[in-house]
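Enquirer: So here's protein-v3.txt (compact mmCIF, C-alpha atoms).
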```txt
# COMPACT_ATOMS: atom_id res chain seq x y z
CA MET X 299 40.78 10.79 20.84
CA ALA X 300 39.38 8.90 23.83
CA ALA X 301 37.10 11.84 24.70
CA ALA X 302 35.69 11.91 21.16
CA ARG X 303 35.10 8.16 21.24
CA ASP X 304 33.35 8.38 24.62
CA ALA X 305 31.16 11.19 23.31
CA LYS X 306 30.15 9.05 20.32
CA LEU X 307 29.40 6.12 22.61
CA GLU X 308 27.22 8.31 24.79
CA GLU X 309 25.44 9.64 21.73
CA ALA X 310 24.82 6.09 20.49
CA HIS X 311 23.44 4.95 23.84
CA THR X 312 21.16 8.00 24.05
CA ARG X 313 19.89 7.35 20.54
CA LEU X 314 19.41 3.67 21.37
CA ALA X 315 17.36 4.55 24.46
CA GLY X 316 15.08 6.69 22.30
CA ALA X 317 14.70 3.91 19.73
CA VAL X 318 13.83 1.40 22.45
CA GLU X 319 11.25 3.81 23.88
CA ALA X 320 9.67 4.17 20.45
CA MET X 321 9.36 0.40 20.25
CA ALA X 322 7.06 0.23 23.26
CA SER X 323 3.88 0.48 21.18
CA GLY X 324 2.50 -2.54 19.33
CA ASP X 325 3.24 -1.04 15.93
CA GLY X 326 6.72 -0.03 17.05
CA PHE X 327 7.40 -3.61 18.12
CA ARG X 328 6.16 -4.97 14.79
CA ARG X 329 8.32 -2.61 12.77
CA ALA X 330 11.38 -3.26 14.94
CA MET X 331 11.11 -7.05 14.62
CA GLU X 332 10.45 -6.91 10.88
CA PHE X 333 13.43 -4.57 10.51
CA ALA X 334 15.56 -6.96 12.56
CA ALA X 335 14.54 -9.78 10.22
CA ARG X 336 15.91 -7.76 7.28
CA PHE X 337 19.19 -6.96 9.07
CA ARG X 338 19.52 -10.17 11.03
CA THR X 339 23.33 -10.34 10.98
CA ARG X 340 23.33 -7.31 13.33
CA SER X 341 22.48 -7.34 17.02
CA PHE X 342 18.98 -6.18 17.88
CA ASN X 343 20.32 -2.97 19.45
CA ASN X 344 22.30 -2.18 16.31
CA THR X 345 19.25 -2.74 14.10
CA LEU X 346 17.38 -0.22 16.25
CA LEU X 347 20.24 2.26 15.86
CA ILE X 348 20.31 1.83 12.07
CA MET X 349 16.52 2.16 11.83
CA ALA X 350 16.41 5.34 13.93
CA GLN X 351 19.28 7.06 12.11
CA HIS X 352 17.98 6.15 8.66
CA ASP X 353 14.61 7.61 9.66
CA GLU X 354 16.37 10.84 10.60
CA ALA X 355 18.34 10.89 7.34
CA TYR X 356 15.21 10.29 5.29
CA ARG X 357 13.25 13.03 7.03
CA ALA X 358 16.17 15.40 6.47
CA GLY X 359 16.28 14.51 2.77
CA ARG X 360 19.77 12.96 2.90
CA VAL X 361 18.62 9.55 1.61
CA PRO X 362 15.96 8.87 -1.04
CA SER X 363 14.13 5.88 0.49
CA PRO X 364 12.38 5.47 3.86
CA GLU X 365 13.96 2.07 4.44
CA PRO X 366 17.64 1.12 4.05
CA ALA X 367 18.46 -1.71 1.65
CA PHE X 368 22.03 -2.81 2.44
CA VAL X 369 24.42 -1.44 5.05
CA ALA X 370 28.20 -1.90 5.29
CA GLY X 371 31.31 -0.16 6.56
CA TYR X 372 33.36 2.37 4.60
CA GLN X 373 36.12 -0.01 3.55
CA GLN X 374 33.65 -2.81 2.90
CA TRP X 375 31.88 -0.61 0.36
CA GLN X 376 35.25 0.15 -1.22
CA HIS X 377 35.97 -3.57 -1.57
CA LEU X 378 32.65 -3.85 -3.45
CA GLY X 379 33.65 -1.08 -5.85
CA ARG X 380 31.55 1.64 -4.25
CA GLN X 381 32.45 4.87 -2.48
CA VAL X 382 30.56 6.79 0.19
CA MET X 383 29.33 10.01 -1.38
CA LYS X 384 30.66 13.32 -0.15
CA GLY X 385 28.56 14.81 2.63
CA GLN X 386 26.93 11.52 3.67
CA SER X 387 27.19 10.80 7.40
CA GLY X 388 27.44 7.20 8.53
CA TYR X 389 25.14 5.54 11.03
CA VAL X 390 26.90 4.92 14.33
CA ILE X 391 26.53 1.41 15.77
CA LEU X 392 28.22 -0.43 18.65
CA ALA X 393 30.96 -2.91 17.80
CA PRO X 394 32.59 -5.32 20.26
CA VAL X 395 36.04 -4.61 21.71
CA THR X 396 37.93 -7.78 22.59
CA SER X 397 41.25 -8.82 24.10
CA ARG X 398 43.17 -12.07 23.54
CA TYR X 399 44.31 -14.30 26.40
CA ALA X 400 46.40 -17.47 26.38
CA THR X 401 46.95 -20.36 28.77
CA ASP X 402 48.28 -23.91 28.75
CA ASN X 403 45.65 -24.88 31.34
CA PRO X 404 42.19 -23.81 30.08
CA ALA X 405 40.44 -25.61 32.95
CA GLY X 406 42.18 -23.66 35.69
CA GLY X 407 44.27 -20.90 34.14
CA PRO X 408 45.87 -18.52 34.72
CA TRP X 409 45.23 -16.61 31.50
CA ARG X 410 47.83 -14.14 30.29
CA PRO X 411 46.97 -11.23 27.97
CA LEU X 412 48.50 -11.30 24.49
CA ALA X 413 49.83 -8.12 22.95
CA ARG X 414 48.62 -7.11 19.51
CA GLY X 415 50.17 -9.51 16.98
CA GLU X 416 51.67 -11.76 19.68
CA ARG X 417 51.46 -15.50 18.97
CA PRO X 418 50.66 -18.07 21.66
CA GLU X 419 53.28 -20.55 22.85
CA PRO X 420 53.04 -24.16 21.62
CA GLY X 421 50.26 -25.98 23.44
CA GLU X 422 48.46 -22.83 24.58
CA VAL X 423 44.77 -22.18 24.10
CA VAL X 424 43.78 -18.67 23.04
CA ARG X 425 40.45 -17.02 23.70
CA GLU X 426 39.06 -13.61 22.88
CA ARG X 427 36.97 -12.00 25.59
CA LEU X 428 34.58 -9.11 25.27
CA LYS X 429 35.81 -5.97 27.05
CA GLY X 430 33.23 -3.46 25.91
CA THR X 431 31.97 -1.68 22.82
CA LYS X 432 33.18 1.09 20.55
CA PRO X 433 31.38 3.33 18.06
CA VAL X 434 31.81 2.39 14.40
CA TYR X 435 29.97 3.51 11.26
CA VAL X 436 27.97 1.91 8.49
CA TRP X 437 26.36 3.47 5.41
CA ASP X 438 23.30 2.48 3.40
CA VAL X 439 23.81 1.65 -0.27
CA THR X 440 21.88 4.82 -1.21
CA GLN X 441 24.67 6.84 0.44
CA THR X 442 27.26 5.32 -1.90
CA GLU X 443 28.01 5.33 -5.61
CA GLY X 444 29.96 3.06 -7.93
CA ASP X 445 29.56 -0.48 -9.20
CA PRO X 446 25.94 -1.70 -9.27
CA ILE X 447 24.70 -3.99 -6.52
CA PRO X 448 22.83 -7.08 -7.79
CA GLN X 449 19.21 -6.78 -6.73
CA GLN X 450 17.58 -9.84 -5.24
CA PRO X 451 13.90 -10.39 -6.14
CA MET X 452 11.49 -9.79 -3.29
CA PRO X 453 9.29 -12.77 -2.39
CA GLN X 454 5.66 -12.24 -3.37
CA LEU X 455 2.99 -13.90 -1.28
CA LEU X 456 -0.65 -14.40 -2.21
CA ARG X 457 -3.28 -14.08 0.51
CA GLY X 458 -3.64 -17.25 2.52
CA GLU X 459 -0.68 -19.02 0.93
CA ALA X 460 2.50 -20.01 2.71
CA PRO X 461 5.95 -19.14 1.33
CA GLU X 462 7.21 -21.95 -0.89
CA GLY X 463 9.26 -24.51 0.99
CA LEU X 464 8.86 -22.83 4.39
CA TRP X 465 6.63 -25.49 5.96
CA ASP X 466 8.95 -28.31 4.85
CA GLY X 467 12.04 -26.40 6.03
CA LEU X 468 10.60 -25.69 9.47
CA ALA X 469 9.27 -29.24 9.73
CA ALA X 470 12.75 -30.59 9.02
CA GLN X 471 14.19 -28.49 11.85
CA VAL X 472 11.47 -29.68 14.24
CA ALA X 473 12.36 -33.27 13.34
CA GLY X 474 16.07 -32.51 13.63
CA ASP X 475 15.48 -31.32 17.19
CA GLY X 476 13.91 -34.69 18.00
CA TYR X 477 10.21 -33.77 17.87
CA ALA X 478 7.45 -35.45 15.88
CA LEU X 479 5.25 -33.05 13.89
CA LEU X 480 1.52 -33.74 14.01
CA ARG X 481 -1.58 -32.11 12.54
CA VAL X 482 -5.05 -32.24 14.08
CA PRO X 483 -8.25 -31.40 12.20
CA THR X 484 -9.35 -28.60 14.56
CA SER X 485 -8.22 -26.75 17.65
CA ALA X 486 -10.43 -29.03 19.74
CA GLY X 487 -7.67 -31.62 19.59
CA ILE X 488 -5.14 -29.29 21.27
CA ALA X 489 -7.21 -27.57 23.95
CA GLY X 490 -8.44 -24.77 21.69
CA ALA X 491 -4.97 -23.61 20.64
CA ASN X 492 -3.57 -23.09 17.15
CA GLY X 493 -0.48 -25.11 18.00
CA MET X 494 1.07 -26.95 20.91
CA THR X 495 4.53 -28.20 21.91
CA ASP X 496 4.63 -31.17 24.27
CA TYR X 497 8.14 -31.42 25.70
CA LEU X 498 7.58 -34.75 27.47
CA ALA X 499 6.01 -36.49 24.46
CA ARG X 500 8.38 -34.54 22.17
CA THR X 501 5.64 -33.58 19.74
CA VAL X 502 4.71 -30.37 17.93
CA THR X 503 1.06 -30.20 16.86
CA VAL X 504 -0.59 -27.69 14.50
CA ARG X 505 -4.31 -27.43 13.77
CA GLY X 506 -5.14 -28.10 10.13
CA ASP X 507 -8.28 -25.99 9.62
CA MET X 508 -6.38 -22.71 9.08
CA ASP X 509 -4.98 -21.11 5.92
CA ASP X 510 -1.55 -22.38 4.93
CA ALA X 511 0.00 -19.04 5.94
CA ALA X 512 -1.49 -19.31 9.43
CA GLN X 513 -0.32 -22.90 9.78
CA VAL X 514 3.27 -22.10 8.81
CA LYS X 515 3.28 -19.09 11.17
CA THR X 516 2.10 -21.37 13.96
CA LEU X 517 4.79 -23.92 13.14
CA ALA X 518 7.44 -21.18 13.35
CA HIS X 519 6.02 -20.16 16.74
CA GLU X 520 6.21 -23.73 18.04
CA LEU X 521 9.76 -24.15 16.75
CA GLY X 522 10.58 -21.01 18.74
CA HIS X 523 9.27 -22.81 21.84
CA VAL X 524 11.34 -25.90 21.01
CA ARG X 525 14.54 -23.87 20.68
CA LEU X 526 14.00 -21.51 23.62
CA HIS X 527 11.80 -23.16 26.23
CA SER X 528 12.49 -26.88 26.49
CA PRO X 529 12.80 -28.12 30.10
CA GLY X 530 16.60 -27.97 29.93
CA ALA X 531 16.70 -24.36 28.67
CA ALA X 532 17.98 -21.61 30.95
CA ASP X 533 14.66 -19.73 30.95
CA ALA X 534 12.38 -22.76 30.88
CA ARG X 535 10.60 -21.63 34.05
CA ALA X 536 10.05 -18.05 32.97
CA HIS X 537 6.54 -16.63 33.15
CA ARG X 538 4.19 -17.93 30.45
CA GLY X 539 3.77 -14.41 29.12
CA ILE X 540 7.51 -14.06 28.51
CA VAL X 541 7.88 -17.37 26.67
CA GLU X 542 4.86 -16.61 24.47
CA VAL X 543 6.24 -13.18 23.55
CA GLU X 544 9.58 -14.76 22.61
CA ALA X 545 8.04 -17.50 20.48
CA GLU X 546 5.75 -15.10 18.64
CA ALA X 547 8.62 -12.70 18.00
CA VAL X 548 10.50 -15.60 16.40
CA ALA X 549 7.48 -16.34 14.21
CA LEU X 550 7.11 -12.68 13.25
CA MET X 551 10.75 -12.46 12.17
CA ILE X 552 10.63 -15.70 10.17
CA GLY X 553 7.46 -14.52 8.44
CA ALA X 554 8.94 -11.09 7.72
CA ALA X 555 12.04 -12.67 6.18
CA HIS X 556 9.73 -14.39 3.68
CA GLY X 557 7.47 -11.44 2.95
CA LEU X 558 4.71 -12.89 5.14
CA ASP X 559 2.99 -10.23 7.25
CA THR X 560 1.94 -11.80 10.55
CA SER X 561 1.40 -8.52 12.41
CA GLN X 562 -2.41 -8.66 12.39
CA TYR X 563 -2.17 -11.72 14.61
CA SER X 564 1.26 -11.25 16.21
CA VAL X 565 0.92 -7.72 17.61
CA PRO X 566 -2.29 -8.30 19.63
CA TYR X 567 -0.93 -11.68 20.73
CA VAL X 568 2.34 -10.19 21.98
CA THR X 569 0.61 -7.27 23.69
CA SER X 570 -1.84 -9.57 25.46
CA TRP X 571 0.78 -11.97 26.78
CA ALA X 572 3.28 -9.25 27.68
CA SER X 573 0.64 -7.45 29.75
CA SER X 574 0.04 -10.65 31.73
CA VAL X 575 3.50 -10.69 33.31
CA PRO X 576 3.25 -9.46 36.92
CA ASP X 577 5.32 -6.44 37.96
CA ARG X 578 6.55 -5.93 34.39
CA THR X 579 5.29 -3.49 31.78
CA VAL X 580 4.68 -4.52 28.18
CA PHE X 581 7.69 -2.38 27.30
CA ASP X 582 9.92 -4.23 29.79
CA VAL X 583 8.89 -7.66 28.52
CA VAL X 584 9.28 -6.81 24.84
CA THR X 585 12.70 -5.19 25.20
CA ALA X 586 14.02 -7.98 27.45
CA THR X 587 13.07 -10.73 24.98
CA ALA X 588 13.93 -9.13 21.62
CA GLU X 589 17.59 -10.16 21.33
CA ARG X 590 16.96 -13.80 22.31
CA ALA X 591 14.18 -13.96 19.73
CA ARG X 592 16.39 -12.38 17.06
CA LYS X 593 19.23 -14.86 17.61
CA THR X 594 16.87 -17.81 17.53
CA ALA X 595 15.07 -16.63 14.39
CA ALA X 596 18.37 -15.89 12.64
CA ALA X 597 19.65 -19.42 13.33
CA ILE X 598 16.42 -20.92 11.99
CA LEU X 599 16.50 -18.72 8.88
CA ASP X 600 20.16 -19.56 8.18
CA ALA X 601 19.28 -23.26 8.10
CA LEU X 602 16.35 -22.81 5.65
CA ASN X 603 16.72 -23.35 1.92
CA THR X 604 13.94 -20.90 1.06
CA HIS X 605 13.57 -17.69 -0.91
CA GLN X 606 14.17 -14.97 1.70
CA ILE X 607 14.59 -11.23 1.62
CA SER X 608 18.14 -9.95 2.01
CA ASN X 609 19.79 -10.08 5.43
CA GLY X 610 20.87 -6.45 5.04
CA GLU X 611 24.42 -7.13 3.87
CA PRO X 612 25.23 -6.25 0.25
CA PRO X 613 25.97 -9.19 -2.07
CA GLY X 614 29.71 -9.85 -2.11
CA ILE X 615 30.26 -8.71 1.46
CA THR X 616 31.61 -12.14 2.47
CA ALA X 617 34.60 -11.67 0.20
CA ALA X 618 35.13 -8.20 1.63
CA ARG X 619 35.00 -9.60 5.15
CA ASN X 620 37.82 -11.98 4.32
CA GLN X 621 40.11 -9.03 3.67
CA ARG X 622 42.26 -7.64 6.48
CA ALA X 623 40.10 -6.53 9.42
CA ALA X 624 38.84 -2.97 9.02
CA PRO X 625 37.97 -0.74 12.02
CA GLU X 626 34.27 -0.78 11.27
CA ARG X 627 34.00 -4.57 11.14
CA GLU X 628 31.67 -6.53 13.35
CA THR X 629 32.68 -10.16 13.05
CA THR X 630 32.59 -13.51 14.70
CA ARG X 631 35.46 -15.79 13.69
CA PRO X 632 35.13 -19.57 14.05
CA ALA X 633 37.68 -21.54 15.99
CA ARG X 634 40.87 -22.19 14.02
CA ARG X 635 43.69 -24.63 14.71
CA ARG X 636 47.25 -23.38 14.36
CA GLY X 637 49.63 -26.25 15.00
CA PRO X 638 49.05 -27.51 18.53
CA SER X 639 47.12 -24.44 19.74
CA THR X 640 43.45 -23.50 19.33
CA ARG X 641 41.65 -20.21 19.13
CA THR X 642 38.08 -19.52 20.07
CA THR X 643 36.32 -16.19 19.82
CA VAL X 644 33.52 -14.97 22.07
CA VAL X 645 32.01 -11.96 20.29
CA THR X 646 28.42 -10.72 20.26
CA ARG X 647 26.92 -8.91 17.28
```
Reformat the file's structure so that it appears as structure tokens.
Expert:
Amino acid sequence: MAAARDAKLEEAHTRLAGAVEAMASGDGFRRAMEFAARFRTRSFNNTLLIMAQHDEAYRAGRVPSPEPAFVAGYQQWQHLGRQVMKGQSGYVILAPVTSRYATDNPAGGPWRPLARGERPEPGEVVRERLKGTKPVYVWDVTQTEGDPIPQQPMPQLLRGEAPEGLWDGLAAQVAGDGYALLRVPTSAGIAGANGMTDYLARTVTVRGDMDDAAQVKTLAHELGHVRLHSPGAADARAHRGIVEVEAEAVALMIGAAHGLDTSQYSVPYVTSWASSVPDRTVFDVVTATAERARKTAAAILDALNTHQISNGEPPGITAARNQRAAPERETTRPARRRGPSTRTTVVTR
């Protein structure tokens, strides 16, 4: 059993390495980030694994569409009234493996491991810690049959227009982070740039002589800077090329989630800045920043009340997730209070 699991893990890591290599080109980066925007509840590595395996299934004729629509685990599909069709192979992804530890002194420990199903003593704090990963499987909706899945309308964007409500939603988050949002008539007012974040003055400025779509893309980029690169952030002193790649990746994902194609601007921008980082290849910079950008974009998107494309989970999956944990689940549980004890979970997706 352990040997089979290790073989599947090795296969997944090998496949992931190939998917990362394929992302090195500008177009590969664009497609990977847009794909991640559509499956933003998954880690960036898992979105690459799903994308690569669906490509293989499509080329082999096992699935009818070149892009997956919704993915879920075997039992999750069953909870939604659907069944994986005979002969359909799942897509292997990497799920976290955690252990539970308890202590009555969280500041200094010691922490004792809890056996499966064991409850903490009164007054103890319980934490889950990541031990590693294990291979689990998900299937696209086209690999299943059964009850129909409600189809969400895709946002339609006219040339030059911004997605409805996106500017106001992003502006509200900028204000919520303590920054004033300004517009200037031309780029001359902000040193020739399209947008600028001033951390000391706590202002975000966008030039006003661009199409609405370009302005909202720029605002998303600057919000990426606010969230990732303020003076107190861990990577605030990273090379300028790295921070620009991260901010533009955030903007690309936010645009993609609203049907707004920013790649004509974003791909050359990312390539140019990534190539400016000394002793790092474009490939190194892009792969090192992708997960941070995904997490930041996902948090921004979750807080927006806008019409977005699906996040890759089938409608109704929340109810399925509340059922007893299934082996294929990837989940992050919030802290819960049980009498005098607390439980926190540290799980990455």
Enquirer: Counting all atoms listed in the file, which residues sit no farther than 12 Å from the position (8.2, -6.8, 28.7) in the file's frame? I'd like them as a PyMOL selection string.
Expert: chain X and resi 318+321-324+327+537-544+568-588
Enquirer: What's the 6 Å shell around Ala555 (chain X), counting only C-alpha atoms, without same-chain residues fewer than 6 positions away, as a list in words?
Expert: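 Once the nearby chain positions are removed, what remains is Ala335, Gln606 and Ile607 of chain X.
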Enquirer: Would you please work out which residue, of X:Val382, X:Leu346, X:Val390, X:Val502, is nearest to Ile488 (chain X) when using all atoms listed in the file?
Expert: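 The answer is X:Val502, which sits nearest to Ile488 (chain X).
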Enquirer: Quick one: contact table of region 400-470 of chain X to region 359-371 of chain X, 7 Å max, nearest atom pair and distance in Å to one decimal per residue, counting all atoms listed in the file, chain and number order, as a tab-separated table?
Expert:
```
residue	atom	partner	partner_atom	distance
X:Tyr435	CA	X:Gly371	CA	6.1
X:Val436	CA	X:Gly371	CA	4.4
X:Trp437	CA	X:Val369	CA	5.3
X:Asp438	CA	X:Val369	CA	4.4
X:Val439	CA	X:Phe368	CA	5.5
X:Thr440	CA	X:Val361	CA	6.4
X:Gln441	CA	X:Val361	CA	6.7
```
Enquirer: Ranking X:Gly610, X:Gly430, X:Gly474, X:Pro411 by minimum distance to Ala334 (chain X) and counting only C-alpha atoms, which one comes first?
Expert: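 Smallest distance to Ala334 (chain X) is found for X:Gly610.
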Enquirer: Go ahead and compute the interatomic distance for CA of Asn403 (chain X) and CA of Pro418 (chain X), in Å to one decimal.
Expert: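 Pair CA of Asn403 (chain X) / CA of Pro418 (chain X) returns 12.9 Å.
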Enquirer: Tell me which protein, DNA and RNA residues are within 12 Å of His523 (chain X), counting all atoms listed in the file, leaving out same-chain ones fewer than 2 positions away, and put them as a PyMOL selection string.
Expert: chain X and resi 472+475+477+493-497+500-502+516-521+525-529+531+533-534+538+540-549+590-591+594-595
Enquirer: So that I have them on file, write out the residues from the current selection with C-alpha atoms, as a CSV table (one decimal), in the frame of the given file.
Expert:
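Okay, result_37.csv is ready:
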```
chain,number,residue,atom,x,y,z
X,472,VAL,CA,11.5,-29.7,14.2
X,475,ASP,CA,15.5,-31.3,17.2
X,477,TYR,CA,10.2,-33.8,17.9
X,493,GLY,CA,-0.5,-25.1,18.0
X,494,MET,CA,1.1,-27.0,20.9
X,495,THR,CA,4.5,-28.2,21.9
X,496,ASP,CA,4.6,-31.2,24.3
X,497,TYR,CA,8.1,-31.4,25.7
X,500,ARG,CA,8.4,-34.5,22.2
X,501,THR,CA,5.6,-33.6,19.7
X,502,VAL,CA,4.7,-30.4,17.9
X,516,THR,CA,2.1,-21.4,14.0
X,517,LEU,CA,4.8,-23.9,13.1
X,518,ALA,CA,7.4,-21.2,13.4
X,519,HIS,CA,6.0,-20.2,16.7
X,520,GLU,CA,6.2,-23.7,18.0
X,521,LEU,CA,9.8,-24.2,16.8
X,525,ARG,CA,14.5,-23.9,20.7
X,526,LEU,CA,14.0,-21.5,23.6
X,527,HIS,CA,11.8,-23.2,26.2
X,528,SER,CA,12.5,-26.9,26.5
X,529,PRO,CA,12.8,-28.1,30.1
X,531,ALA,CA,16.7,-24.4,28.7
X,533,ASP,CA,14.7,-19.7,31.0
X,534,ALA,CA,12.4,-22.8,30.9
X,538,ARG,CA,4.2,-17.9,30.4
X,540,ILE,CA,7.5,-14.1,28.5
X,541,VAL,CA,7.9,-17.4,26.7
X,542,GLU,CA,4.9,-16.6,24.5
X,543,VAL,CA,6.2,-13.2,23.6
X,544,GLU,CA,9.6,-14.8,22.6
X,545,ALA,CA,8.0,-17.5,20.5
X,546,GLU,CA,5.8,-15.1,18.6
X,547,ALA,CA,8.6,-12.7,18.0
X,548,VAL,CA,10.5,-15.6,16.4
X,549,ALA,CA,7.5,-16.3,14.2
X,590,ARG,CA,17.0,-13.8,22.3
X,591,ALA,CA,14.2,-14.0,19.7
X,594,THR,CA,16.9,-17.8,17.5
X,595,ALA,CA,15.1,-16.6,14.4
```
Enquirer: Restricting the calculation to all atoms listed in the file, which member of X:Thr401, X:Gln376, X:Thr484, X:Thr560 is positioned closest to Val514 (chain X)?
Expert: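 Using all atoms listed in the file, the shortest distance to Val514 (chain X) belongs to X:Thr560.
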Enquirer: With all atoms listed in the file as the counted atoms, please give the residues lying no more than 12 Å from Ser485 (chain X), apart from itself and same-chain residues fewer than 2 positions off, as a list in words.
Expert: Arg481, Val482, Pro483, Gly487, Ile488, Ala489, Gly490, Ala491, Asn492, Gly493, Met494, Thr503, Val504, Arg505, Gly506, Asp507, Met508 and Gln513 of chain X
Enquirer: Create the file for the chosen residues now, containing C-alpha atoms and written as a PDB file, in the coordinates of the input.
Expert:
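As a result, part00.pdb now contains:
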```pdb
ATOM      1  CA  ARG X 481      -1.580 -32.110  12.540  1.00  0.00           C
ATOM      2  CA  VAL X 482      -5.050 -32.240  14.080  1.00  0.00           C
ATOM      3  CA  PRO X 483      -8.250 -31.400  12.200  1.00  0.00           C
ATOM      4  CA  GLY X 487      -7.670 -31.620  19.590  1.00  0.00           C
ATOM      5  CA  ILE X 488      -5.140 -29.290  21.270  1.00  0.00           C
ATOM      6  CA  ALA X 489      -7.210 -27.570  23.950  1.00  0.00           C
ATOM      7  CA  GLY X 490      -8.440 -24.770  21.690  1.00  0.00           C
ATOM      8  CA  ALA X 491      -4.970 -23.610  20.640  1.00  0.00           C
ATOM      9  CA  ASN X 492      -3.570 -23.090  17.150  1.00  0.00           C
ATOM     10  CA  GLY X 493      -0.480 -25.110  18.000  1.00  0.00           C
ATOM     11  CA  MET X 494       1.070 -26.950  20.910  1.00  0.00           C
ATOM     12  CA  THR X 503       1.060 -30.200  16.860  1.00  0.00           C
ATOM     13  CA  VAL X 504      -0.590 -27.690  14.500  1.00  0.00           C
ATOM     14  CA  ARG X 505      -4.310 -27.430  13.770  1.00  0.00           C
ATOM     15  CA  GLY X 506      -5.140 -28.100  10.130  1.00  0.00           C
ATOM     16  CA  ASP X 507      -8.280 -25.990   9.620  1.00  0.00           C
ATOM     17  CA  MET X 508      -6.380 -22.710   9.080  1.00  0.00           C
ATOM     18  CA  GLN X 513      -0.320 -22.900   9.780  1.00  0.00           C
TER      19      GLN X 513
END
```
Enquirer: Quick one: distance from CA of Asn344 (chain X) to CA of Ile391 (chain X) in Å, one decimal?
Expert: 5.6 Å
Enquirer: Calculate how many Å separate CA of Glu462 (chain X) from CA of Gly557 (chain X), rounding to one decimal.
Expert: 11.2 Å
Enquirer: So, with all atoms listed in the file as the atoms that count, which of X:Asp445, X:Asp466, X:Asp600, X:Glu589 lies closest to Arg340 (chain X)?
Expert: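 Among the listed residues, the smallest separation from Arg340 (chain X) belongs to X:Glu589.
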Enquirer: Which of these residues is nearest to Tyr389 (chain X), using all atoms listed in the file: X:Asp559, X:Glu319, X:Glu332, X:Glu354?
Expert: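 Nearest candidate to Tyr389 (chain X) out of X:Asp559, X:Glu319, X:Glu332, X:Glu354: X:Glu354.
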Enquirer: Would you pull region 568-579 of chain X out of the block just shown and save N, CA and C atoms as a PDB file, in the first residue's frame?
Expert:
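Result went into selection-v4.pdb, see below:
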```pdb
ATOM      1  N   VAL X 568       5.259  41.022 -17.721  1.00  0.00           N
ATOM      2  CA  VAL X 568       5.847  40.026 -16.831  1.00  0.00           C
ATOM      3  C   VAL X 568       7.206  39.563 -17.355  1.00  0.00           C
ATOM      4  N   THR X 569       7.271  39.275 -18.646  1.00  0.00           N
ATOM      5  CA  THR X 569       8.523  38.800 -19.233  1.00  0.00           C
ATOM      6  C   THR X 569       9.634  39.828 -19.066  1.00  0.00           C
ATOM      7  N   SER X 570       9.286  41.106 -19.307  1.00  0.00           N
ATOM      8  CA  SER X 570      10.283  42.163 -19.205  1.00  0.00           C
ATOM      9  C   SER X 570      10.813  42.305 -17.780  1.00  0.00           C
ATOM     10  N   TRP X 571       9.925  42.350 -16.804  1.00  0.00           N
ATOM     11  CA  TRP X 571      10.362  42.522 -15.428  1.00  0.00           C
ATOM     12  C   TRP X 571      11.066  41.275 -14.903  1.00  0.00           C
ATOM     13  N   ALA X 572      10.567  40.092 -15.262  1.00  0.00           N
ATOM     14  CA  ALA X 572      11.204  38.865 -14.786  1.00  0.00           C
ATOM     15  C   ALA X 572      12.625  38.742 -15.310  1.00  0.00           C
ATOM     16  N   SER X 573      12.855  39.191 -16.531  1.00  0.00           N
ATOM     17  CA  SER X 573      14.196  39.102 -17.122  1.00  0.00           C
ATOM     18  C   SER X 573      15.167  40.104 -16.520  1.00  0.00           C
ATOM     19  N   SER X 574      14.639  41.055 -15.717  1.00  0.00           N
ATOM     20  CA  SER X 574      15.514  42.067 -15.113  1.00  0.00           C
ATOM     21  C   SER X 574      16.112  41.626 -13.792  1.00  0.00           C
ATOM     22  N   VAL X 575      15.664  40.488 -13.261  1.00  0.00           N
ATOM     23  CA  VAL X 575      16.147  40.035 -11.952  1.00  0.00           C
ATOM     24  C   VAL X 575      17.515  39.377 -12.129  1.00  0.00           C
ATOM     25  N   PRO X 576      18.545  39.876 -11.467  1.00  0.00           N
ATOM     26  CA  PRO X 576      19.889  39.310 -11.658  1.00  0.00           C
ATOM     27  C   PRO X 576      20.002  37.890 -11.128  1.00  0.00           C
ATOM     28  N   ASP X 577      20.734  37.076 -11.856  1.00  0.00           N
ATOM     29  CA  ASP X 577      21.035  35.690 -11.465  1.00  0.00           C
ATOM     30  C   ASP X 577      19.792  34.817 -11.363  1.00  0.00           C
ATOM     31  N   ARG X 578      18.693  35.226 -11.971  1.00  0.00           N
ATOM     32  CA  ARG X 578      17.470  34.434 -11.989  1.00  0.00           C
ATOM     33  C   ARG X 578      16.934  34.417 -13.415  1.00  0.00           C
ATOM     34  N   THR X 579      16.485  33.256 -13.869  1.00  0.00           N
ATOM     35  CA  THR X 579      15.855  33.184 -15.178  1.00  0.00           C
ATOM     36  C   THR X 579      14.403  33.622 -15.074  1.00  0.00           C
TER      37      THR X 579
END
```
